[in-house]
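Heads up, protein31.cif below (mmCIF, C-alpha atoms and all ligand atoms):
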data_data
loop_
_atom_site.label_atom_id
_atom_site.label_comp_id
_atom_site.auth_asym_id
_atom_site.auth_seq_id
_atom_site.Cartn_x
_atom_site.Cartn_y
_atom_site.Cartn_z
CA MET A 1 121.80 -18.55 87.54
CA GLU A 2 118.27 -19.70 87.05
CA ASN A 3 117.45 -20.79 83.54
CA ARG A 4 114.85 -18.57 81.94
CA ILE A 5 113.52 -21.28 79.71
CA LEU A 6 112.75 -24.78 80.99
CA PRO A 7 113.74 -24.00 84.57
CA THR A 8 114.02 -27.29 86.44
CA THR A 9 112.49 -27.88 89.84
CA VAL A 10 111.46 -30.61 92.26
CA VAL A 11 108.09 -31.49 93.75
CA GLY A 12 109.42 -31.30 97.30
CA SER A 13 110.59 -34.32 99.27
CA TYR A 14 114.02 -35.93 99.09
CA PRO A 15 115.41 -39.08 100.76
CA LYS A 16 116.55 -38.60 104.32
CA PRO A 17 120.04 -39.72 105.35
CA LEU A 18 119.93 -43.06 107.19
CA TRP A 19 121.58 -41.44 110.21
CA LEU A 20 118.54 -39.16 110.47
CA SER A 21 115.54 -41.39 109.85
CA ASN A 22 114.74 -45.07 110.17
CA PRO A 23 114.05 -46.44 106.65
CA TYR A 24 110.77 -47.96 107.88
CA GLY A 25 109.66 -44.59 109.13
CA ILE A 26 110.02 -42.77 105.84
CA LEU A 27 106.34 -41.91 105.47
CA PHE A 28 105.26 -41.97 109.11
CA GLY A 29 108.30 -40.91 111.08
CA GLY A 30 111.10 -42.68 112.91
CA TRP A 31 113.87 -40.29 113.90
CA ARG A 32 117.19 -41.80 114.83
CA LEU A 33 118.51 -38.74 116.64
CA ARG A 34 117.69 -37.80 120.20
CA ALA A 35 115.44 -34.80 120.68
CA GLU A 36 118.25 -32.47 121.76
CA VAL A 37 120.25 -33.00 118.53
CA LEU A 38 117.37 -33.58 116.09
CA ARG A 39 117.11 -29.97 114.92
CA GLU A 40 120.82 -29.76 114.15
CA GLY A 41 120.69 -33.09 112.32
CA GLN A 42 117.75 -31.89 110.22
CA ASP A 43 119.59 -28.66 109.41
CA ASP A 44 122.55 -30.69 108.14
CA ALA A 45 120.27 -32.98 106.14
CA VAL A 46 118.62 -29.94 104.50
CA ALA A 47 122.06 -28.56 103.58
CA LEU A 48 122.90 -31.89 101.89
CA ALA A 49 119.57 -31.99 100.04
CA ILE A 50 120.16 -28.46 98.74
CA ARG A 51 123.67 -29.35 97.63
CA ASP A 52 122.46 -32.41 95.69
CA GLN A 53 119.86 -30.30 93.89
CA GLU A 54 122.30 -27.51 93.06
CA ARG A 55 124.90 -29.95 91.73
CA ALA A 56 122.28 -31.62 89.56
CA GLY A 57 121.41 -28.25 87.98
CA ILE A 58 118.00 -27.84 89.60
CA ASP A 59 116.98 -24.19 89.28
CA ILE A 60 114.24 -23.90 91.92
CA VAL A 61 115.15 -25.93 95.01
CA SER A 62 113.34 -27.23 98.10
CA ASP A 63 114.57 -28.23 101.56
CA GLY A 64 113.89 -31.86 100.71
CA GLU A 65 111.28 -31.87 103.50
CA GLN A 66 113.94 -33.31 105.80
CA ARG A 67 112.08 -32.17 108.91
CA ARG A 68 108.76 -33.75 108.01
CA ASP A 69 107.97 -37.12 109.55
CA ASN A 70 104.81 -37.12 107.46
CA PHE A 71 103.79 -34.60 104.83
CA VAL A 72 100.33 -34.06 106.36
CA PHE A 73 100.80 -34.61 110.11
CA TYR A 74 103.79 -32.26 110.13
CA PHE A 75 101.29 -29.45 109.60
CA THR A 76 98.08 -30.71 111.21
CA ARG A 77 99.88 -31.50 114.48
CA ASN A 78 100.28 -27.76 115.02
CA LEU A 79 96.85 -26.64 113.88
CA ASP A 80 94.06 -25.90 116.37
CA GLY A 81 91.20 -28.38 116.33
CA PHE A 82 93.26 -31.57 115.80
CA ASP A 83 93.48 -34.29 118.45
CA PHE A 84 96.42 -36.64 117.93
CA ALA A 85 96.03 -38.26 121.36
CA HIS A 86 92.89 -40.21 120.46
CA PRO A 87 93.26 -41.27 116.82
CA LEU A 88 90.88 -43.46 114.87
CA LYS A 89 91.82 -46.06 112.28
CA ARG A 90 90.93 -45.32 108.68
CA ARG A 91 91.98 -46.36 105.21
CA LEU A 92 94.46 -44.26 103.28
CA ARG A 93 92.86 -42.66 100.22
CA GLY A 94 90.54 -45.58 99.55
CA SER A 95 93.36 -48.16 99.63
CA GLN A 96 93.56 -51.28 101.83
CA ARG A 97 96.23 -49.61 103.93
CA GLU A 98 95.06 -48.59 107.41
CA PHE A 99 96.60 -45.89 109.54
CA GLU A 100 95.83 -43.98 112.73
CA ALA A 101 94.12 -40.75 111.77
CA PRO A 102 94.02 -37.78 114.15
CA ARG A 103 90.51 -36.58 114.95
CA ILE A 104 89.22 -33.11 114.20
CA VAL A 105 87.40 -32.20 117.40
CA GLY A 106 86.95 -28.42 117.15
CA PRO A 107 87.26 -25.40 114.85
CA VAL A 108 90.41 -25.57 112.74
CA GLY A 109 92.75 -22.60 112.91
CA ARG A 110 96.37 -21.50 112.82
CA SER A 111 97.42 -19.77 116.01
CA ARG A 112 101.17 -20.11 115.33
CA PRO A 113 103.43 -20.51 112.29
CA LEU A 114 103.77 -24.07 110.97
CA ALA A 115 106.98 -24.04 108.96
CA ALA A 116 108.16 -20.42 108.82
CA ASP A 117 111.53 -21.35 110.36
CA ASP A 118 111.98 -23.97 107.64
CA VAL A 119 111.58 -21.26 105.00
CA ARG A 120 114.06 -19.03 106.82
CA PHE A 121 116.66 -21.79 106.92
CA LEU A 122 116.21 -22.71 103.26
CA ARG A 123 116.33 -19.04 102.20
CA ALA A 124 119.57 -18.54 104.14
CA ASN A 125 121.25 -21.61 102.65
CA THR A 126 120.91 -21.19 98.89
CA ASP A 127 121.11 -18.34 96.41
CA ARG A 128 118.67 -20.06 94.04
CA PRO A 129 114.93 -19.48 93.97
CA ILE A 130 113.21 -21.67 96.59
CA LYS A 131 109.92 -23.50 96.84
CA MET A 132 108.02 -24.98 99.76
CA SER A 133 104.97 -27.22 99.83
CA ILE A 134 102.08 -27.70 102.20
CA ALA A 135 99.36 -30.37 102.23
CA GLY A 136 96.09 -29.03 100.83
CA PRO A 137 92.63 -29.11 102.43
CA MET A 138 91.28 -32.19 100.64
CA THR A 139 94.39 -34.24 101.35
CA ILE A 140 94.29 -33.18 105.01
CA ILE A 141 90.61 -34.10 105.29
CA ASP A 142 91.39 -37.46 103.70
CA THR A 143 94.13 -38.04 106.30
CA SER A 144 92.04 -37.09 109.35
CA HIS A 145 88.82 -38.17 111.03
CA ASP A 146 86.41 -35.28 111.37
CA VAL A 147 83.95 -35.53 114.28
CA HIS A 148 83.30 -31.79 114.58
CA TYR A 149 82.27 -30.25 111.25
CA ARG A 150 80.51 -33.14 109.50
CA ASP A 151 80.60 -30.86 106.48
CA ASN A 152 83.57 -31.22 104.14
CA ARG A 153 83.14 -27.87 102.49
CA ALA A 154 83.06 -25.89 105.75
CA LEU A 155 86.05 -27.83 107.06
CA ALA A 156 87.96 -27.34 103.79
CA MET A 157 87.38 -23.57 103.85
CA ASP A 158 88.67 -23.28 107.45
CA LEU A 159 91.71 -25.38 106.53
CA ALA A 160 92.24 -23.18 103.47
CA ALA A 161 92.16 -20.01 105.60
CA ALA A 162 94.83 -21.49 107.91
CA ILE A 163 96.96 -22.55 104.95
CA ASN A 164 96.53 -19.12 103.38
CA ALA A 165 97.89 -17.40 106.51
CA GLU A 166 100.89 -19.72 106.49
CA LEU A 167 101.59 -19.14 102.77
CA GLN A 168 101.40 -15.37 103.20
CA GLU A 169 104.11 -15.67 105.84
CA TRP A 170 106.27 -17.89 103.59
CA ALA A 171 105.96 -15.33 100.79
CA SER A 172 107.01 -12.52 103.12
CA LEU A 173 110.10 -14.55 104.06
CA GLY A 174 111.25 -14.75 100.44
CA CYS A 175 109.77 -18.04 99.29
CA ASP A 176 109.59 -17.83 95.48
CA VAL A 177 107.11 -20.66 94.88
CA VAL A 178 104.53 -22.06 97.31
CA GLN A 179 102.82 -25.31 96.42
CA ILE A 180 99.67 -26.99 97.68
CA ASP A 181 99.99 -30.79 97.63
CA GLU A 182 96.70 -32.38 96.67
CA PRO A 183 97.24 -36.04 95.76
CA ALA A 184 93.63 -36.58 96.93
CA PHE A 185 92.32 -34.58 93.93
CA THR A 186 92.81 -37.51 91.55
CA ARG A 187 90.79 -39.78 93.89
CA TYR A 188 87.81 -37.54 94.30
CA PRO A 189 87.24 -35.43 91.16
CA HIS A 190 83.63 -34.83 92.26
CA PHE A 191 84.87 -33.17 95.46
CA VAL A 192 87.25 -31.02 93.40
CA ARG A 193 84.21 -29.80 91.47
CA ASP A 194 82.01 -29.34 94.57
CA TRP A 195 84.45 -27.61 96.96
CA GLY A 196 88.08 -28.58 96.26
CA ALA A 197 88.74 -25.91 93.64
CA GLU A 198 87.08 -23.23 95.80
CA ALA A 199 89.23 -24.23 98.80
CA LEU A 200 92.33 -24.19 96.58
CA ASN A 201 91.54 -20.63 95.54
CA ARG A 202 91.14 -19.63 99.18
CA CYS A 203 94.56 -21.15 99.99
CA VAL A 204 96.35 -18.86 97.52
CA GLU A 205 94.21 -15.71 97.88
CA GLY A 206 96.45 -12.64 98.11
CA VAL A 207 99.64 -14.69 98.50
CA GLY A 208 102.27 -12.39 97.05
CA THR A 209 104.39 -14.97 95.26
CA LYS A 210 104.08 -17.72 92.66
CA THR A 211 101.57 -20.38 93.69
CA GLY A 212 101.10 -23.95 92.50
CA VAL A 213 99.20 -27.17 93.05
CA HIS A 214 100.67 -30.67 92.85
CA VAL A 215 98.42 -33.56 91.89
CA CYS A 216 99.57 -37.13 91.40
CA TYR A 217 98.58 -40.72 91.95
CA GLY A 218 100.42 -41.14 95.27
CA TYR A 219 103.51 -43.04 96.29
CA PRO A 220 103.85 -46.48 94.67
CA VAL A 221 103.54 -48.43 97.94
CA ASP A 222 101.15 -50.97 99.44
CA GLY A 223 98.46 -50.71 96.82
CA SER A 224 97.75 -47.07 97.57
CA LYS A 225 98.60 -46.20 93.97
CA MET A 226 95.38 -46.03 92.03
CA ARG A 227 94.47 -44.53 88.71
CA GLU A 228 90.73 -44.77 88.76
CA HIS A 229 90.27 -41.25 87.47
CA GLY A 230 92.11 -39.49 84.68
CA TYR A 231 93.66 -36.04 84.87
CA GLU A 232 91.13 -34.82 82.33
CA GLU A 233 88.50 -35.00 85.09
CA VAL A 234 90.33 -32.52 87.35
CA LEU A 235 92.48 -30.40 85.04
CA PRO A 236 89.66 -28.08 83.92
CA TYR A 237 89.10 -27.09 87.59
CA LEU A 238 92.82 -26.51 88.17
CA THR A 239 93.21 -24.49 84.98
CA GLY A 240 90.18 -22.47 86.01
CA SER A 241 91.64 -21.87 89.48
CA ALA A 242 93.77 -18.99 90.75
CA VAL A 243 97.05 -20.95 91.05
CA ASP A 244 99.91 -20.09 88.68
CA GLN A 245 101.39 -23.58 88.34
CA ILE A 246 100.07 -27.11 87.93
CA SER A 247 102.46 -29.94 88.87
CA LEU A 248 101.67 -33.25 87.21
CA GLU A 249 102.95 -36.81 87.43
CA CYS A 250 103.45 -37.63 83.74
CA ALA A 251 106.40 -40.05 83.44
CA ALA A 252 105.11 -43.11 85.35
CA PRO A 253 101.67 -43.16 83.72
CA GLY A 254 103.28 -42.42 80.32
CA LEU A 255 100.80 -39.63 79.80
CA ASP A 256 100.24 -38.30 76.34
CA ALA A 257 101.68 -34.78 76.33
CA SER A 258 98.63 -33.57 74.41
CA LEU A 259 96.86 -33.61 77.78
CA LEU A 260 98.76 -30.39 78.52
CA ARG A 261 96.30 -28.69 76.16
CA LEU A 262 94.05 -28.62 79.22
CA CYS A 263 96.58 -26.42 81.11
CA GLN A 264 96.36 -23.29 78.94
CA GLY A 265 97.62 -20.16 80.65
CA LYS A 266 99.31 -22.01 83.51
CA ASP A 267 102.91 -22.96 84.20
CA VAL A 268 103.26 -26.73 84.11
CA VAL A 269 105.64 -28.56 86.44
CA PHE A 270 106.06 -31.49 84.12
CA GLY A 271 106.99 -34.88 85.61
CA VAL A 272 109.70 -36.49 83.49
CA ILE A 273 111.27 -38.68 86.20
CA ASP A 274 109.48 -41.86 87.36
CA ILE A 275 109.88 -42.15 91.13
CA GLY A 276 108.60 -45.75 91.17
CA SER A 277 111.32 -47.17 88.93
CA THR A 278 114.92 -47.98 89.92
CA GLU A 279 116.06 -47.34 86.37
CA VAL A 280 117.75 -43.98 85.84
CA GLU A 281 116.23 -42.04 82.96
CA LYS A 282 118.47 -41.24 80.00
CA PRO A 283 118.98 -37.49 79.48
CA ASP A 284 118.13 -37.95 75.80
CA ALA A 285 114.78 -39.54 76.70
CA VAL A 286 114.09 -36.75 79.21
CA ALA A 287 114.83 -34.17 76.50
CA GLY A 288 112.51 -36.07 74.17
CA ARG A 289 109.61 -35.92 76.65
CA ILE A 290 110.25 -32.21 77.13
CA SER A 291 110.14 -31.64 73.36
CA GLU A 292 106.78 -33.43 73.18
CA ALA A 293 105.42 -31.15 75.90
CA LEU A 294 106.71 -28.07 74.07
CA ASN A 295 104.16 -28.76 71.36
CA PHE A 296 101.51 -27.71 73.87
CA ILE A 297 103.21 -25.42 76.43
CA PRO A 298 105.73 -22.61 75.71
CA ALA A 299 109.27 -23.14 77.07
CA GLU A 300 108.89 -20.25 79.53
CA ARG A 301 105.95 -22.03 81.13
CA LEU A 302 107.36 -25.55 81.23
CA LEU A 303 109.26 -26.65 84.34
CA PRO A 304 110.77 -30.14 84.01
CA ALA A 305 110.64 -32.03 87.34
CA PRO A 306 110.27 -35.47 88.89
CA ASP A 307 106.75 -36.93 88.96
CA CYS A 308 106.48 -36.53 92.72
CA GLY A 309 108.68 -36.28 95.83
CA LEU A 310 111.80 -38.45 95.77
CA VAL A 311 111.56 -39.49 99.44
CA LEU A 312 111.15 -43.21 98.77
CA LEU A 313 114.30 -43.61 96.67
CA ASP A 314 117.69 -44.35 98.10
CA ARG A 315 119.96 -41.34 98.02
CA THR A 316 122.30 -42.62 95.30
CA LEU A 317 119.37 -43.29 93.00
CA ALA A 318 117.72 -39.96 93.83
CA ARG A 319 120.97 -38.14 93.02
CA ALA A 320 121.31 -39.98 89.69
CA LYS A 321 117.71 -39.22 88.74
CA LEU A 322 118.09 -35.54 89.58
CA LYS A 323 121.22 -35.44 87.47
CA ALA A 324 119.34 -37.03 84.55
CA LEU A 325 116.69 -34.35 84.96
CA GLY A 326 119.26 -31.53 84.93
CA GLU A 327 121.09 -32.95 81.92
CA GLY A 328 117.91 -33.73 80.02
CA ALA A 329 116.65 -30.17 80.47
CA ARG A 330 120.04 -28.76 79.42
CA LEU A 331 119.89 -30.87 76.28
CA ALA A 332 116.34 -29.72 75.54
CA ARG A 333 117.38 -26.06 75.96
CA PHE A 334 120.33 -26.59 73.64
CA ARG A 335 118.09 -28.16 71.01
CA LEU A 336 115.59 -25.34 71.31
CA GLU A 337 118.27 -22.70 70.88
CA ALA A 338 119.73 -24.59 67.94
CA GLY A 339 116.24 -24.56 66.46
CA SER A 340 116.17 -28.30 65.85
ZN ZN B 1 102.93 -36.51 94.36
#

Can you give me the file's structure in the form of C-alpha cells?
Ligand code: ZN
Amino acid sequence: MENRILPTTVVGSYPKPLWLSNPYGILFGGWRLRAEVLREGQDDAVALAIRDQERAGIDIVSDGEQRRDNFVFYFTRNLDGFDFAHPLKRRLRGSQREFEAPRIVGPVGRSRPLAADDVRFLRANTDRPIKMSIAGPMTIIDTSHDVHYRDNRALAMDLAAAINAELQEWASLGCDVVQIDEPAFTRYPHFVRDWGAEALNRCVEGVGTKTGVHVCYGYPVDGSKMREHGYEEVLPYLTGSAVDQISLECAAPGLDASLLRLCQGKDVVFGVIDIGSTEVEKPDAVAGRISEALNFIPAERLLPAPDCGLVLLDRTLARAKLKALGEGARLARFRLEAGS
C-alpha cells in the first residue's frame, strides 16, 4: 500500500534492457527489435521496469519511459506543425553538443493522442499509483528550430494547449500524477519569468489529477550539464504556479535543504539519489537527507526520489539505487514515528 508519509517516487525514465535498445542510442534512439515485434518488446520492458520499482518499495511508479527513443521527440513527432524530414543543426541547451532539431513549420496542435496507450498499459499492469511525464513547452522549444512563429511566447502557449489536452486524457485514464519535464527552466530563468510560468499554468489548467513540474540540470553527459543559474532564480515562479508538485535535483549539487523554504505550499519531489555517480547511496545517508528536508517541508508533502531519470545507469546500478531510496525512506519513516 502506498505510504502516506514520505511516499517514494521516480522522476520517470529507467534503463532499457540491452535486448531492446542499443546503448549508444539511449538518448536519441536505437531500437534493436524489428518493427513488428517492437511493441511487444517495449511492453515486456515496461513490465520489468514496474517490477523493479515495486520491489524497491517505490510507491508511485512510472513505465520507465521504455517506449521513448527521446523524451522530447517522442511527443513532438506526433504533433502538428513539426517537420522531422528537414531538420536543422543546433546546440543542445547552450552546450557544445550539436544535434538535428526538427523544424516547426506551421501551427502546433494535437490532432491525436500522444501517449494515451502508454498510460493504459501502465494502469493495467500495477496496482500502485502511477505517474507519467511529458516534455514541457520551453524544453520542446529548446529542442526544435522554429521557423513559423518567431515568437516564443505564442509558440509556448500553443504547445501548452496541446500538452493540456494530452494531460486531460491521461487523467481520465487513471493517471495519478502527471509531470511536465522542464530541464530548460534552469538555463533560462528570464524566459520562465517572461512566459515559461504562464505556459506551465496553461499545461495543467483543469487537469483533474495531481500535477507536477520537474526541473534539473540535465543528464551528466558531454558537457551539457551546466549550473549557471541557481534554483532560487526559478523557484519563486514555480511556487507561484498552479502545479501541485515541484521535482528537484538536490543530491548531485549537494543543495542545502533550506532552499526548500522557497517551495511553501507545494509537494516536493526531493532528489536524494545522484544519477551521475556509480556509487550506491547508503540508506542511512538517504534518511539523513530526508530528515534535513523535513525541517522545511512536512512529511506528507515530501516525496523522496532520484534526482532525475535513471535512463543512463546500467540496470544493476539503477536497481541498487532504487533499493537504497526505498530503504532510506523506510528508515526515515521509522525515525519519524519513533519521534527521534
Ligand atoms: Zn531531470

From the list A:Gly326, A:Gly174, A:Gly288, A:Pro298, which residue is nearest Lys131 (chain A) when using only C-alpha atoms?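 The closest residue to Lys131 (chain A) is A:Gly174.
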
Using all atoms listed in the file, which protein or nucleic acid residues come within 6 Å of region 266-273 of chain A? Drop anything in the same chain fewer than 2 positions from it, and give the result as a PyMOL selection string. chain A and resi 244-251+263-264+301-307

May I have the residues within 9 Å of ligand ZN 1 (chain B), computed using only C-alpha atoms and all ligand atoms, as a ChimeraX atom specification? /A:11-12,181-183,214-219,247-249,307-309

Residue contacts of Ala160 (chain A) (12 Å, only C-alpha atoms) excluding same-chain residues fewer than 2 positions away, as a PyMOL selection string: chain A and resi 79+108-110+134-141+152-158+162-167+180+195-205

What is the distance, in Å and to one decimal place, between CA of Ala115 (chain A) and CA of Tyr237 (chain A)?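 These two atoms are separated by 28.0 Å.
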
Which residues are close to Gly230 (chain A), i.e. within 10 Å by only C-alpha atoms, leaving aside same-chain residues fewer than 4 positions away? Reply as a PyMOL selection string. chain A and resi 186-187+189+217+234-235+255

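With CA of Leu114 (chain A) on one side and CA of Thr76 (chain A) on the other, the separation reads 8.7 Å.
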